>>> print(open('data.txt').read())   # compact mmCIF, C-alpha atoms and all ligand atoms
# COMPACT_ATOMS: atom_id res chain seq x y z
CA MET W 27 -19.71 -0.04 20.32
CA GLU W 28 -18.48 -3.62 20.49
CA THR W 29 -15.07 -3.07 22.04
CA GLN W 30 -14.97 -6.26 24.16
CA ARG W 31 -15.26 -9.00 21.56
CA ARG W 32 -12.54 -10.41 19.30
CA VAL W 33 -12.86 -10.14 15.53
CA ARG W 34 -12.32 -13.47 13.75
CA VAL W 35 -9.96 -12.92 10.83
CA GLY W 36 -8.84 -14.99 7.85
CA ILE W 37 -5.66 -14.25 5.90
CA ILE W 38 -5.52 -15.00 2.18
CA GLY W 39 -2.03 -15.45 0.73
CA CYS W 40 1.06 -16.97 2.33
CA GLY W 41 3.78 -14.78 0.78
CA ILE W 42 3.67 -11.32 2.29
CA GLY W 43 0.79 -12.78 4.28
CA ILE W 44 3.51 -13.47 6.85
CA PHE W 45 3.54 -9.70 7.60
CA HIS W 46 -0.20 -9.97 8.17
CA LEU W 47 0.24 -12.74 10.70
CA GLU W 48 3.03 -10.83 12.44
CA GLY W 49 1.01 -7.63 12.34
CA PHE W 50 -1.96 -9.21 14.11
CA GLU W 51 0.20 -10.80 16.81
CA LYS W 52 0.00 -7.78 19.09
CA GLU W 53 -3.70 -7.12 18.47
CA PRO W 54 -5.67 -8.71 21.31
CA ARG W 55 -9.01 -7.72 19.76
CA ALA W 56 -8.40 -10.00 16.74
CA GLU W 57 -8.11 -13.75 16.43
CA ILE W 58 -6.59 -15.32 13.31
CA VAL W 59 -8.78 -18.37 12.75
CA ALA W 60 -7.71 -19.40 9.23
CA LEU W 61 -5.35 -18.80 6.36
CA ALA W 62 -5.51 -19.75 2.69
CA GLY W 63 -2.95 -20.23 -0.04
CA LEU W 64 -2.18 -22.56 -2.93
CA ASP W 65 1.47 -23.03 -2.00
CA THR W 66 1.03 -25.71 0.65
CA ASP W 67 4.60 -25.72 2.03
CA ARG W 68 4.67 -22.01 2.84
CA CYS W 69 1.14 -22.09 4.24
CA VAL W 70 1.83 -25.11 6.47
CA MET W 71 4.96 -23.37 7.76
CA LEU W 72 2.92 -20.24 8.59
CA GLN W 73 0.07 -22.22 10.11
CA GLN W 74 2.48 -24.00 12.46
CA ARG W 75 4.56 -20.94 13.32
CA PHE W 76 1.54 -18.77 14.17
CA SER W 77 -0.69 -21.61 15.49
CA VAL W 78 -3.53 -20.85 13.06
CA PRO W 79 -6.46 -23.27 13.68
CA ARG W 80 -7.63 -23.80 10.08
CA ARG W 81 -5.88 -23.83 6.70
CA TYR W 82 -7.51 -23.77 3.26
CA GLY W 83 -6.10 -24.03 -0.26
CA ASP W 84 -8.30 -21.91 -2.51
CA TYR W 85 -9.56 -18.60 -1.11
CA LYS W 86 -13.19 -19.57 -1.92
CA ASP W 87 -13.10 -22.25 0.78
CA LEU W 88 -11.92 -19.73 3.35
CA LEU W 89 -14.66 -17.30 2.34
CA ALA W 90 -17.28 -20.04 2.76
CA ASP W 91 -16.27 -20.37 6.43
CA PRO W 92 -19.12 -18.56 8.26
CA ASP W 93 -17.00 -18.15 11.39
CA ILE W 94 -14.75 -15.61 9.62
CA GLU W 95 -15.94 -12.00 9.64
CA ALA W 96 -12.92 -10.16 8.22
CA VAL W 97 -10.21 -11.00 5.71
CA THR W 98 -6.91 -9.51 4.66
CA ILE W 99 -5.90 -10.20 1.07
CA ALA W 100 -2.29 -10.74 -0.03
CA VAL W 101 -2.60 -12.47 -3.39
CA PRO W 102 -1.09 -11.54 -6.78
CA ASN W 103 -2.42 -8.30 -8.28
CA PHE W 104 -4.59 -10.00 -10.92
CA LEU W 105 -6.66 -11.58 -8.13
CA HIS W 106 -7.28 -8.43 -6.06
CA GLU W 107 -10.59 -7.61 -7.71
CA GLU W 108 -11.87 -11.18 -7.88
CA VAL W 109 -11.06 -12.00 -4.24
CA THR W 110 -12.26 -8.63 -2.91
CA LEU W 111 -15.63 -8.88 -4.68
CA ALA W 112 -16.09 -12.46 -3.48
CA ALA W 113 -15.15 -11.53 0.09
CA LEU W 114 -17.55 -8.58 0.18
CA ALA W 115 -20.30 -10.77 -1.31
CA ALA W 116 -19.63 -13.31 1.47
CA GLY W 117 -20.23 -10.54 4.01
CA LYS W 118 -16.63 -10.08 5.20
CA HIS W 119 -14.84 -6.86 6.09
CA VAL W 120 -11.88 -6.55 3.70
CA LEU W 121 -8.38 -5.13 3.59
CA VAL W 122 -6.51 -5.64 0.33
CA GLU W 123 -2.80 -5.21 -0.34
CA LYS W 124 -1.51 -2.44 -2.57
CA PRO W 125 -1.94 -1.83 -5.44
CA LEU W 126 -5.73 -1.72 -5.08
CA ALA W 127 -6.01 -3.10 -8.62
CA ARG W 128 -4.14 -3.45 -11.92
CA ASN W 129 -6.14 -0.66 -13.52
CA VAL W 130 -8.87 1.94 -12.95
CA ALA W 131 -11.73 -0.21 -14.30
CA GLU W 132 -11.03 -2.96 -11.77
CA GLY W 133 -10.54 -0.48 -8.95
CA GLU W 134 -13.83 1.29 -9.69
CA ARG W 135 -15.76 -1.98 -9.50
CA MET W 136 -14.12 -2.76 -6.15
CA VAL W 137 -14.92 0.66 -4.67
CA THR W 138 -18.52 0.48 -5.88
CA ALA W 139 -19.00 -2.99 -4.39
CA ALA W 140 -17.48 -1.88 -1.08
CA ARG W 141 -19.83 1.12 -0.86
CA LYS W 142 -22.84 -1.11 -1.42
CA SER W 143 -21.65 -3.71 1.10
CA GLY W 144 -21.68 -1.64 4.27
CA LYS W 145 -18.49 -3.45 5.29
CA VAL W 146 -15.17 -1.92 6.27
CA PHE W 147 -12.96 -1.79 3.20
CA GLY W 148 -9.49 -0.36 2.70
CA VAL W 149 -6.18 -0.74 0.93
CA ILE W 150 -2.93 -1.55 2.71
CA PHE W 151 -0.47 1.31 2.35
CA ASN W 152 1.49 0.14 5.36
CA ARG W 153 4.35 2.61 4.92
CA ARG W 154 2.16 5.50 6.00
CA SER W 155 2.54 4.05 9.50
CA ARG W 156 6.32 4.58 9.57
CA HIS W 157 7.40 6.98 12.29
CA ASP W 158 9.38 9.15 9.83
CA VAL W 159 6.33 9.46 7.52
CA GLN W 160 4.05 10.31 10.45
CA LEU W 161 6.42 13.06 11.61
CA VAL W 162 6.72 14.66 8.18
CA LYS W 163 2.93 14.50 7.76
CA HIS W 164 2.57 16.23 11.13
CA GLU W 165 5.08 18.98 10.29
CA VAL W 166 3.61 19.64 6.84
CA ALA W 167 0.08 19.78 8.25
CA ARG W 168 1.05 22.40 10.83
CA GLY W 169 2.75 24.48 8.12
CA ALA W 170 6.32 24.06 9.38
CA LEU W 171 7.66 23.76 5.81
CA GLY W 172 5.65 26.74 4.56
CA ARG W 173 4.33 26.38 1.02
CA ILE W 174 5.64 23.15 -0.50
CA TYR W 175 6.47 23.67 -4.16
CA HIS W 176 8.31 20.47 -5.05
CA GLY W 177 8.51 16.89 -3.90
CA ARG W 178 10.56 13.88 -4.89
CA ALA W 179 9.62 10.26 -4.42
CA PHE W 180 11.78 7.30 -5.30
CA TRP W 181 12.19 3.58 -4.77
CA MET W 182 15.30 2.29 -6.46
CA ARG W 183 16.70 -1.21 -6.39
CA ARG W 184 20.06 -2.14 -7.81
CA SER W 185 19.19 -5.81 -8.30
CA GLY W 186 15.69 -6.69 -7.17
CA ILE W 187 13.50 -8.11 -9.94
CA PRO W 188 11.14 -10.37 -7.97
CA GLY W 189 11.62 -13.60 -9.90
CA LEU W 190 11.86 -13.62 -13.70
CA GLY W 191 8.88 -15.63 -14.90
CA SER W 192 6.86 -15.07 -11.70
CA TRP W 193 3.53 -13.22 -11.83
CA PHE W 194 5.44 -10.03 -11.01
CA THR W 195 7.15 -9.88 -14.42
CA ASN W 196 3.99 -10.74 -16.38
CA LYS W 197 2.19 -7.60 -17.58
CA GLU W 198 -1.24 -9.25 -17.60
CA LEU W 199 -0.93 -10.70 -14.11
CA ALA W 200 0.81 -7.78 -12.37
CA GLY W 201 -0.44 -4.75 -14.32
CA GLY W 202 3.12 -3.39 -14.55
CA GLY W 203 6.59 -3.54 -13.03
CA PRO W 204 8.30 -1.53 -10.27
CA LEU W 205 6.04 1.47 -10.84
CA ILE W 206 2.87 -0.35 -9.75
CA ASP W 207 4.77 -2.51 -7.26
CA LEU W 208 7.12 -0.09 -5.47
CA GLY W 209 6.42 3.34 -6.95
CA ILE W 210 2.85 3.22 -5.69
CA HIS W 211 4.09 3.06 -2.08
CA VAL W 212 6.17 6.25 -2.34
CA LEU W 213 3.58 7.98 -4.51
CA ASP W 214 1.03 7.31 -1.78
CA MET W 215 3.41 8.53 0.94
CA ALA W 216 4.10 11.76 -0.95
CA LEU W 217 0.48 12.56 -1.85
CA TRP W 218 -0.79 11.77 1.63
CA ILE W 219 1.89 13.92 3.26
CA MET W 220 1.25 16.79 0.84
CA GLY W 221 -2.47 16.77 1.73
CA GLU W 222 -3.81 15.19 -1.47
CA PRO W 223 -3.13 17.95 -4.03
CA GLU W 224 -5.08 17.57 -7.27
CA PRO W 225 -2.90 16.18 -10.10
CA THR W 226 -3.38 17.89 -13.47
CA ALA W 227 -0.77 16.29 -15.75
CA VAL W 228 1.88 13.60 -15.90
CA SER W 229 4.87 13.15 -18.16
CA ALA W 230 6.71 9.86 -17.96
CA ALA W 231 9.04 7.32 -19.55
CA THR W 232 9.57 3.64 -18.82
CA TYR W 233 12.44 1.33 -19.76
CA ALA W 234 13.24 -2.37 -19.66
CA ALA W 235 17.03 -2.39 -19.86
CA LEU W 236 18.22 -5.24 -17.63
CA GLY W 237 15.17 -7.50 -17.16
CA PRO W 238 14.99 -8.77 -20.77
CA LYS W 239 18.68 -9.73 -20.54
CA GLY W 240 18.01 -11.82 -17.44
CA ARG W 241 20.01 -9.40 -15.28
CA GLY W 242 19.11 -7.55 -12.09
CA MET W 243 17.35 -10.46 -10.41
CA TRP W 244 16.41 -10.39 -6.71
CA GLN W 245 19.41 -11.35 -4.57
CA GLY W 246 18.45 -14.13 -2.17
CA ALA W 247 16.11 -17.09 -2.09
CA ARG W 248 12.72 -15.39 -1.75
CA PHE W 249 11.85 -15.43 -5.45
CA LYS W 250 12.59 -18.25 -7.87
CA ALA W 251 13.60 -17.30 -11.42
CA ALA W 252 12.80 -19.15 -14.65
CA PRO W 253 15.75 -18.13 -16.86
CA ASP W 254 13.90 -18.68 -20.15
CA ALA W 255 10.75 -16.72 -19.23
CA ALA W 256 9.88 -13.50 -21.04
CA TYR W 257 10.30 -10.20 -19.18
CA GLU W 258 7.17 -8.17 -20.01
CA VAL W 259 7.20 -5.11 -17.74
CA GLU W 260 9.42 -2.05 -17.18
CA ASP W 261 12.43 -2.27 -14.88
CA PHE W 262 12.67 1.52 -14.46
CA ALA W 263 10.07 4.29 -14.62
CA THR W 264 10.48 8.03 -14.27
CA ALA W 265 7.67 10.58 -14.07
CA MET W 266 6.88 14.17 -13.32
CA ILE W 267 3.44 15.07 -11.96
CA ARG W 268 1.98 18.59 -11.98
CA PHE W 269 -0.67 19.71 -9.49
CA ALA W 270 -3.41 22.33 -9.63
CA ASN W 271 -1.72 24.33 -6.84
CA GLY W 272 1.48 24.72 -8.91
CA MET W 273 3.44 22.00 -7.11
CA THR W 274 5.44 19.33 -8.90
CA LEU W 275 6.48 15.83 -7.86
CA THR W 276 9.08 13.64 -9.50
CA LEU W 277 8.99 9.88 -9.16
CA ASP W 278 11.76 7.40 -9.98
CA THR W 279 11.35 3.71 -9.42
CA SER W 280 13.34 0.66 -10.43
CA TRP W 281 13.65 -3.03 -9.72
CA ALA W 282 17.08 -3.10 -11.34
CA GLY W 283 19.62 -0.61 -12.66
CA TYR W 284 23.31 0.17 -12.57
CA THR W 285 23.18 2.75 -9.75
CA SER W 286 24.60 3.19 -6.26
CA HIS W 287 21.25 2.30 -4.69
CA THR W 288 20.88 -1.08 -3.03
CA ASP W 289 17.17 -1.20 -2.11
CA GLU W 290 16.30 2.37 -1.15
CA PHE W 291 13.20 4.48 -1.01
CA GLY W 292 12.13 7.86 0.22
CA VAL W 293 10.27 11.09 -0.22
CA SER W 294 11.51 14.65 0.14
CA PHE W 295 9.80 18.02 0.08
CA MET W 296 10.99 21.57 -0.54
CA GLY W 297 8.94 24.33 1.04
CA ASP W 298 9.53 28.06 1.29
CA GLU W 299 10.01 27.78 5.08
CA GLY W 300 11.77 24.42 5.32
CA GLY W 301 12.38 21.01 3.86
CA ALA W 302 12.13 17.37 4.84
CA GLU W 303 13.85 14.26 3.55
CA ILE W 304 13.14 10.61 4.26
CA HIS W 305 15.76 8.28 2.83
CA VAL W 306 15.45 4.62 3.74
CA LYS W 307 18.25 2.18 2.93
CA ASP W 308 17.52 -1.52 3.02
CA TYR W 309 14.28 -1.12 5.02
CA ALA W 310 15.84 0.75 7.98
CA ASP W 311 13.27 2.48 10.11
CA THR W 312 15.49 4.67 12.25
CA GLY W 313 18.09 7.27 11.18
CA THR W 314 16.07 7.96 8.03
CA LEU W 315 14.64 11.46 8.51
CA ARG W 316 16.05 14.97 8.33
CA PHE W 317 14.34 18.35 8.47
CA PHE W 318 16.02 21.41 6.97
CA SER W 319 15.48 24.96 8.22
CA GLU W 320 17.64 27.82 9.40
CA ILE W 321 18.57 29.42 12.69
CA ASP W 322 19.55 33.08 12.40
CA GLY W 323 20.52 32.51 8.77
CA ALA W 324 22.58 29.39 9.46
CA PRO W 325 21.47 26.30 7.53
CA THR W 326 20.15 23.87 10.14
CA VAL W 327 19.48 20.14 10.05
CA ILE W 328 17.29 18.35 12.59
CA GLU W 329 17.30 14.57 12.88
CA PRO W 330 14.44 13.33 15.08
CA ARG W 331 15.03 10.13 17.07
CA LEU W 332 12.69 7.60 15.50
CA GLN W 333 10.89 4.53 16.79
CA SER W 334 10.43 1.22 15.00
CA ILE W 335 6.79 0.53 14.24
CA HIS W 336 5.40 -2.69 12.74
CA ASN W 337 3.72 -1.02 9.73
CA HIS W 338 1.23 -3.77 9.02
CA GLY W 339 0.44 -4.09 12.74
CA GLU W 340 -0.58 -0.44 12.83
CA VAL W 341 -2.81 -0.89 9.75
CA PHE W 342 -4.55 -3.88 11.33
CA ARG W 343 -5.02 -2.06 14.66
CA ARG W 344 -6.98 0.61 12.76
CA PHE W 345 -8.87 -2.04 10.75
CA ILE W 346 -10.08 -3.67 13.98
CA ASP W 347 -10.90 -0.24 15.44
CA SER W 348 -13.06 0.42 12.42
CA ILE W 349 -14.87 -2.94 12.64
CA LEU W 350 -15.53 -2.64 16.37
CA THR W 351 -16.25 1.05 16.77
CA GLY W 352 -17.38 2.27 13.32
CA VAL W 353 -14.55 4.82 13.08
CA PRO W 354 -13.79 5.23 9.33
CA PHE W 355 -10.79 3.34 7.98
CA SER W 356 -8.13 5.06 5.92
CA PRO W 357 -6.54 4.56 3.37
CA THR W 358 -9.91 4.03 1.73
CA GLY W 359 -10.48 2.16 -1.51
CA GLU W 360 -11.06 5.58 -3.08
CA GLU W 361 -7.54 6.65 -2.14
CA GLY W 362 -6.20 3.39 -3.53
CA LEU W 363 -8.12 4.08 -6.73
CA GLU W 364 -6.64 7.57 -7.09
CA ARG W 365 -3.15 6.09 -6.92
CA VAL W 366 -4.06 3.52 -9.60
CA ARG W 367 -5.48 6.35 -11.73
CA LEU W 368 -2.13 8.15 -11.59
CA ILE W 369 -0.15 4.98 -12.26
CA GLU W 370 -2.35 4.28 -15.30
CA ALA W 371 -1.76 7.83 -16.59
CA ILE W 372 2.00 7.44 -16.08
CA TYR W 373 2.01 4.23 -18.12
CA ARG W 374 -0.07 5.93 -20.79
CA SER W 375 2.25 8.93 -20.94
CA ALA W 376 5.25 6.60 -21.31
CA ALA W 377 3.55 4.55 -24.03
CA GLU W 378 2.45 7.63 -26.02
CA GLY W 379 5.65 9.64 -25.38
CA ARG W 380 3.81 12.80 -24.33
CA GLU W 381 2.38 14.62 -21.34
CA ILE W 382 -1.11 13.44 -20.35
CA ALA W 383 -3.59 15.95 -18.97
CA LEU W 384 -5.74 14.64 -16.13
CA ALA W 385 -9.39 15.57 -15.79
CA ALA W 386 -10.40 16.91 -12.38
CA GLN W 387 -12.05 14.09 -10.42
CA PRO W 388 -14.98 14.71 -8.07
CA ILE W 389 -13.37 12.72 -5.25
CA ASP W 390 -15.10 11.47 -2.14
CA ARG W 391 -12.38 9.82 -0.08
CA THR W 392 -14.59 8.78 2.81
CA GLY W 393 -15.04 5.10 1.95
CA PRO W 394 -18.11 2.96 2.67
CA ARG W 395 -20.59 3.92 5.34
CA THR W 396 -20.41 0.80 7.44
CA GLU W 397 -23.35 -1.08 8.92
CA LEU W 398 -22.08 -0.21 12.40
CA ALA W 399 -21.89 3.52 11.60
CA ALA W 400 -25.42 3.38 10.08
CA ARG W 401 -26.70 1.51 13.17
CA SER W 402 -25.17 4.03 15.63
CA ALA W 403 -26.59 6.92 13.59
CA ALA W 404 -30.05 5.28 13.72
CA GLU W 405 -29.72 4.64 17.49
CA ASN W 406 -28.65 8.24 18.10
CA SER W 407 -31.59 9.60 16.15
CA ARG W 408 -34.00 7.25 18.06
CA GLU W 409 -32.54 8.45 21.37
CA GLY W 410 -33.00 12.00 20.15
CA THR W 411 -36.73 11.41 19.65
CA LEU W 412 -37.39 9.88 23.09
N1 LIG W 501 2.57 -3.86 1.50
C1 LIG W 501 3.72 -4.42 1.25
O1 LIG W 501 4.74 -4.03 1.79
C2 LIG W 501 3.78 -5.56 0.27
C3 LIG W 501 4.96 -6.30 0.15
C4 LIG W 501 4.97 -7.37 -0.75
C5 LIG W 501 3.84 -7.66 -1.52
N2 LIG W 501 2.73 -6.90 -1.37
C6 LIG W 501 1.53 -7.20 -2.17
O2 LIG W 501 0.96 -8.42 -1.70
C7 LIG W 501 0.42 -9.15 -2.79
C8 LIG W 501 1.04 -10.55 -2.79
O3 LIG W 501 2.44 -10.44 -3.01
P1 LIG W 501 3.43 -11.61 -2.54
O4 LIG W 501 4.82 -11.06 -2.67
O5 LIG W 501 3.02 -12.16 -1.24
O6 LIG W 501 3.15 -12.68 -3.70
P2 LIG W 501 3.46 -14.24 -3.64
O7 LIG W 501 3.37 -14.72 -5.04
O8 LIG W 501 4.71 -14.49 -2.86
O9 LIG W 501 2.26 -14.86 -2.76
C9 LIG W 501 0.94 -14.86 -3.26
C10 LIG W 501 0.08 -15.81 -2.39
O10 LIG W 501 -1.24 -15.81 -2.93
C11 LIG W 501 -1.69 -17.16 -2.92
N3 LIG W 501 -2.77 -17.40 -3.88
C12 LIG W 501 -2.75 -17.29 -5.22
N4 LIG W 501 -3.94 -17.68 -5.74
C13 LIG W 501 -4.72 -18.04 -4.69
C14 LIG W 501 -6.03 -18.57 -4.56
N5 LIG W 501 -6.81 -18.80 -5.62
N6 LIG W 501 -6.50 -18.85 -3.30
C15 LIG W 501 -5.73 -18.64 -2.23
N7 LIG W 501 -4.47 -18.16 -2.30
C16 LIG W 501 -3.98 -17.87 -3.51
C17 LIG W 501 -0.46 -17.96 -3.28
O11 LIG W 501 -0.66 -19.33 -2.97
C18 LIG W 501 0.57 -17.25 -2.39
O12 LIG W 501 0.52 -17.77 -1.09
C19 LIG W 501 0.71 -8.34 -4.05
O13 LIG W 501 -0.42 -7.62 -4.41
C20 LIG W 501 1.84 -7.41 -3.64
O14 LIG W 501 1.77 -6.16 -4.33
C21 LIG W 501 2.68 -5.88 -0.48
>>> encode(input="data.txt", output="structure tokens", more="lines below")
Ligand SMILES: NC(=O)c1ccc[n+]([C@@H]2O[C@H](COP(=O)([O-])OP(=O)(O)OC[C@H]3O[C@@H](n4cnc5c(N)ncnc54)[C@H](O)[C@@H]3O)[C@@H](O)[C@H]2O)c1
Amino acid sequence: METQRRVRVGIIGCGIGIFHLEGFEKEPRAEIVALAGLDTDRCVMLQQRFSVPRRYGDYKDLLADPDIEAVTIAVPNFLHEEVTLAALAAGKHVLVEKPLARNVAEGERMVTAARKSGKVFGVIFNRRSRHDVQLVKHEVARGALGRIYHGRAFWMRRSGIPGLGSWFTNKELAGGGPLIDLGIHVLDMALWIMGEPEPTAVSAATYAALGPKGRGMWQGARFKAAPDAAYEVEDFATAMIRFANGMTLTLDTSWAGYTSHTDEFGVSFMGDEGGAEIHVKDYADTGTLRFFSEIDGAPTVIEPRLQSIHNHGEVFRRFIDSILTGVPFSPTGEEGLERVRLIEAIYRSAAEGREIALAAQPIDRTGPRTELAARSAAENSREGTL
């Protein structure tokens, strides 16, 4: 184990890359030595604010820096495969933002390359680290809800299209709209909490009601809009997923719609012994969780007192653990790929207007066997022969 040294990390992307820099701030075993991004103003601001020694424009220059051993990738979806493959080829450990990829074909190539590389590889589903999600996962795993038969996942924005004319609203560059952008977070939360049930069918519909009219744009300065640009993706998607164990899950996700939601997400579960509901308004991380049960026949609600956790920070703590100690990293690329597989089936169901049956997948969720894990296994077997 190499627990004493600091891992030298590079961050690619200066948008949500800011969460990466914040997330690493409390990780003494990592050192951010460089960042890369094409938008010089934002990158300079980040470099100064977080005192990052080196700054590059194109990601290829950062990857050519031999001092960097691990990278986190926060670039537009159409670059996830390209940058991941290049980073693995350059011998770096890699964490890539959700969604793993725009489609299954890209995701499969990434997972295959990661397995061959012997490097740590994973996808950032930071919301699994939320305290409310962790508690529901814990209660479901110990059987407190009994047999779960139905779940609901949603992420609904009233007015949150991230910049008309940006890569987000371009089908080719993003792979889709709110479903692949936001829906994938709550889909991941729900499937992970439910213990990865095997999906057998999806039935879905997508709509683009406000986006093409130039309505429902993100409120605030984060995203710039180009009023004349085409709107190419859905602004609302709804789906029902069936599972081999008889469970169902509904998923609703929007960037814009005339509803009471502001920017809200959550997951809820109904079991035959209890229920749980996470409902997050405007990114709150406390006051968001309720468990439902009964005491002597009286309907009972329990609201645990929650802690704020820096989601990305928790992901990076585990990433560094994995690099230094060989402990496997999760969510693996394989888990990221399963989510993309479902998203692709949902889009297909919506396009064809019918339920899509899903073939059972022989799934190995373990991720790459890293060089460190292989080395420790070899050392252990040598010790065993002495
Ligand atoms: N986990 C989360 O909560 C979360 C939140 C927001 C976004 N994301 C994901 O992060 C990714 C980026 O989203 P964003 O909102 O930051 O997008 P963005 O457009 O704001 O930023 C993208 C960054 O990538 C950089 N970039 C593009 N091409 C590059 C290249 N060739 N070399 C180096 N840098 C390059 C841009 O310069 C920019 O800094 C997306 O995949 C998105 O889904 C995740």
>>> atom_distance(input="data.txt", atom1="atom O1 of ligand LIG 501 (chain W)", atom2="CA of Asp93 (chain W)")
27.6 Å
>>> closest_atom_pairs(input="data.txt", of="chain W", to="ligand LIG 501 (chain W)", cutoff="8 Å", atoms="only C-alpha atoms and all ligand atoms", output="Markdown table")
| residue | atom | partner | partner_atom | distance |
| --- | --- | --- | --- | --- |
| W:Ile38 | CA | W:LIG501 | N7 | 5.6 |
| W:Gly39 | CA | W:LIG501 | O10 | 3.8 |
| W:Cys40 | CA | W:LIG501 | O12 | 3.6 |
| W:Gly41 | CA | W:LIG501 | O5 | 3.4 |
| W:Ile42 | CA | W:LIG501 | O5 | 3.7 |
| W:Gly43 | CA | W:LIG501 | O5 | 6.0 |
| W:Ala62 | CA | W:LIG501 | C15 | 5.0 |
| W:Gly63 | CA | W:LIG501 | N7 | 3.4 |
| W:Leu64 | CA | W:LIG501 | O11 | 3.6 |
| W:Asp65 | CA | W:LIG501 | O11 | 4.4 |
| W:Thr66 | CA | W:LIG501 | O11 | 7.5 |
| W:Arg68 | CA | W:LIG501 | O12 | 7.1 |
| W:Cys69 | CA | W:LIG501 | O12 | 6.9 |
| W:Tyr82 | CA | W:LIG501 | C15 | 7.7 |
| W:Gly83 | CA | W:LIG501 | C15 | 5.8 |
| W:Asp84 | CA | W:LIG501 | N6 | 3.6 |
| W:Tyr85 | CA | W:LIG501 | N6 | 3.8 |
| W:Lys86 | CA | W:LIG501 | N6 | 6.9 |
| W:Ile99 | CA | W:LIG501 | C7 | 7.5 |
| W:Ala100 | CA | W:LIG501 | C7 | 4.2 |
| W:Val101 | CA | W:LIG501 | O10 | 3.6 |
| W:Pro102 | CA | W:LIG501 | C19 | 4.6 |
| W:Asn103 | CA | W:LIG501 | O13 | 4.4 |
| W:Leu105 | CA | W:LIG501 | N4 | 7.1 |
| W:His106 | CA | W:LIG501 | O13 | 7.1 |
| W:Val122 | CA | W:LIG501 | O13 | 8.0 |
| W:Glu123 | CA | W:LIG501 | C6 | 5.1 |
| W:Lys124 | CA | W:LIG501 | O14 | 5.3 |
| W:Pro125 | CA | W:LIG501 | O14 | 5.8 |
| W:Leu126 | CA | W:LIG501 | O13 | 8.0 |
| W:Ile150 | CA | W:LIG501 | N1 | 6.1 |
| W:Phe151 | CA | W:LIG501 | N1 | 6.1 |
| W:Asn152 | CA | W:LIG501 | N1 | 5.7 |
| W:Arg153 | CA | W:LIG501 | O1 | 7.4 |
| W:Ser192 | CA | W:LIG501 | O7 | 7.5 |
| W:Trp193 | CA | W:LIG501 | O7 | 7.0 |
| W:Phe194 | CA | W:LIG501 | O7 | 7.9 |
| W:Asp207 | CA | W:LIG501 | O14 | 5.6 |
| W:His211 | CA | W:LIG501 | N1 | 7.9 |
| W:Phe249 | CA | W:LIG501 | O8 | 7.7 |
| W:His338 | CA | W:LIG501 | N1 | 7.6 |
>>> closest_residue(input="data.txt", among="W:Gly283, W:Met182, W:Ala263, W:His46", to="Ile206 (chain W)", atoms="only C-alpha atoms")
W:Ala263
>>> closest_atom_pairs(input="data.txt", of="region 97-197 of chain W", to="region 214-225 of chain W", cutoff="9 Å", atoms="all atoms listed in the file", output="JSON lines")
{"residue": "W:Phe151", "atom": "CA", "partner": "W:Asp214", "partner_atom": "CA", "distance": 7.4}
{"residue": "W:Arg153", "atom": "CA", "partner": "W:Met215", "partner_atom": "CA", "distance": 7.2}
{"residue": "W:Arg154", "atom": "CA", "partner": "W:Met215", "partner_atom": "CA", "distance": 6.0}
{"residue": "W:Val159", "atom": "CA", "partner": "W:Met215", "partner_atom": "CA", "distance": 7.3}
{"residue": "W:Gln160", "atom": "CA", "partner": "W:Ile219", "partner_atom": "CA", "distance": 8.3}
{"residue": "W:Val162", "atom": "CA", "partner": "W:Ile219", "partner_atom": "CA", "distance": 6.9}
{"residue": "W:Lys163", "atom": "CA", "partner": "W:Ile219", "partner_atom": "CA", "distance": 4.7}
{"residue": "W:His164", "atom": "CA", "partner": "W:Ile219", "partner_atom": "CA", "distance": 8.2}
{"residue": "W:Val166", "atom": "CA", "partner": "W:Ile219", "partner_atom": "CA", "distance": 7.0}
{"residue": "W:Ala167", "atom": "CA", "partner": "W:Gly221", "partner_atom": "CA", "distance": 7.6}
{"residue": "W:Ile174", "atom": "CA", "partner": "W:Met220", "partner_atom": "CA", "distance": 7.8}
{"residue": "W:Gly177", "atom": "CA", "partner": "W:Ala216", "partner_atom": "CA", "distance": 7.4}
{"residue": "W:Arg178", "atom": "CA", "partner": "W:Ala216", "partner_atom": "CA", "distance": 7.9}
{"residue": "W:Ala179", "atom": "CA", "partner": "W:Ala216", "partner_atom": "CA", "distance": 6.7}
>>> residues_around(input="data.txt", residues="Asp278 (chain W)", least_positions_apart="2", cutoff="8 Å", atoms="all atoms listed in the file", output="PyMOL selection string")
chain W and resi 179-182+209+262-265+276+280
>>> closest_residue(input="data.txt", among="W:Asn129, W:Thr279, W:Thr110, W:Ser348", to="Glu260 (chain W)", atoms="only C-alpha atoms")
W:Thr279
>>> closest_residue(input="data.txt", among="W:Ala139, W:Ala377, W:Ala115, W:Leu363", to="Ile389 (chain W)", atoms="only C-alpha atoms")
W:Leu363
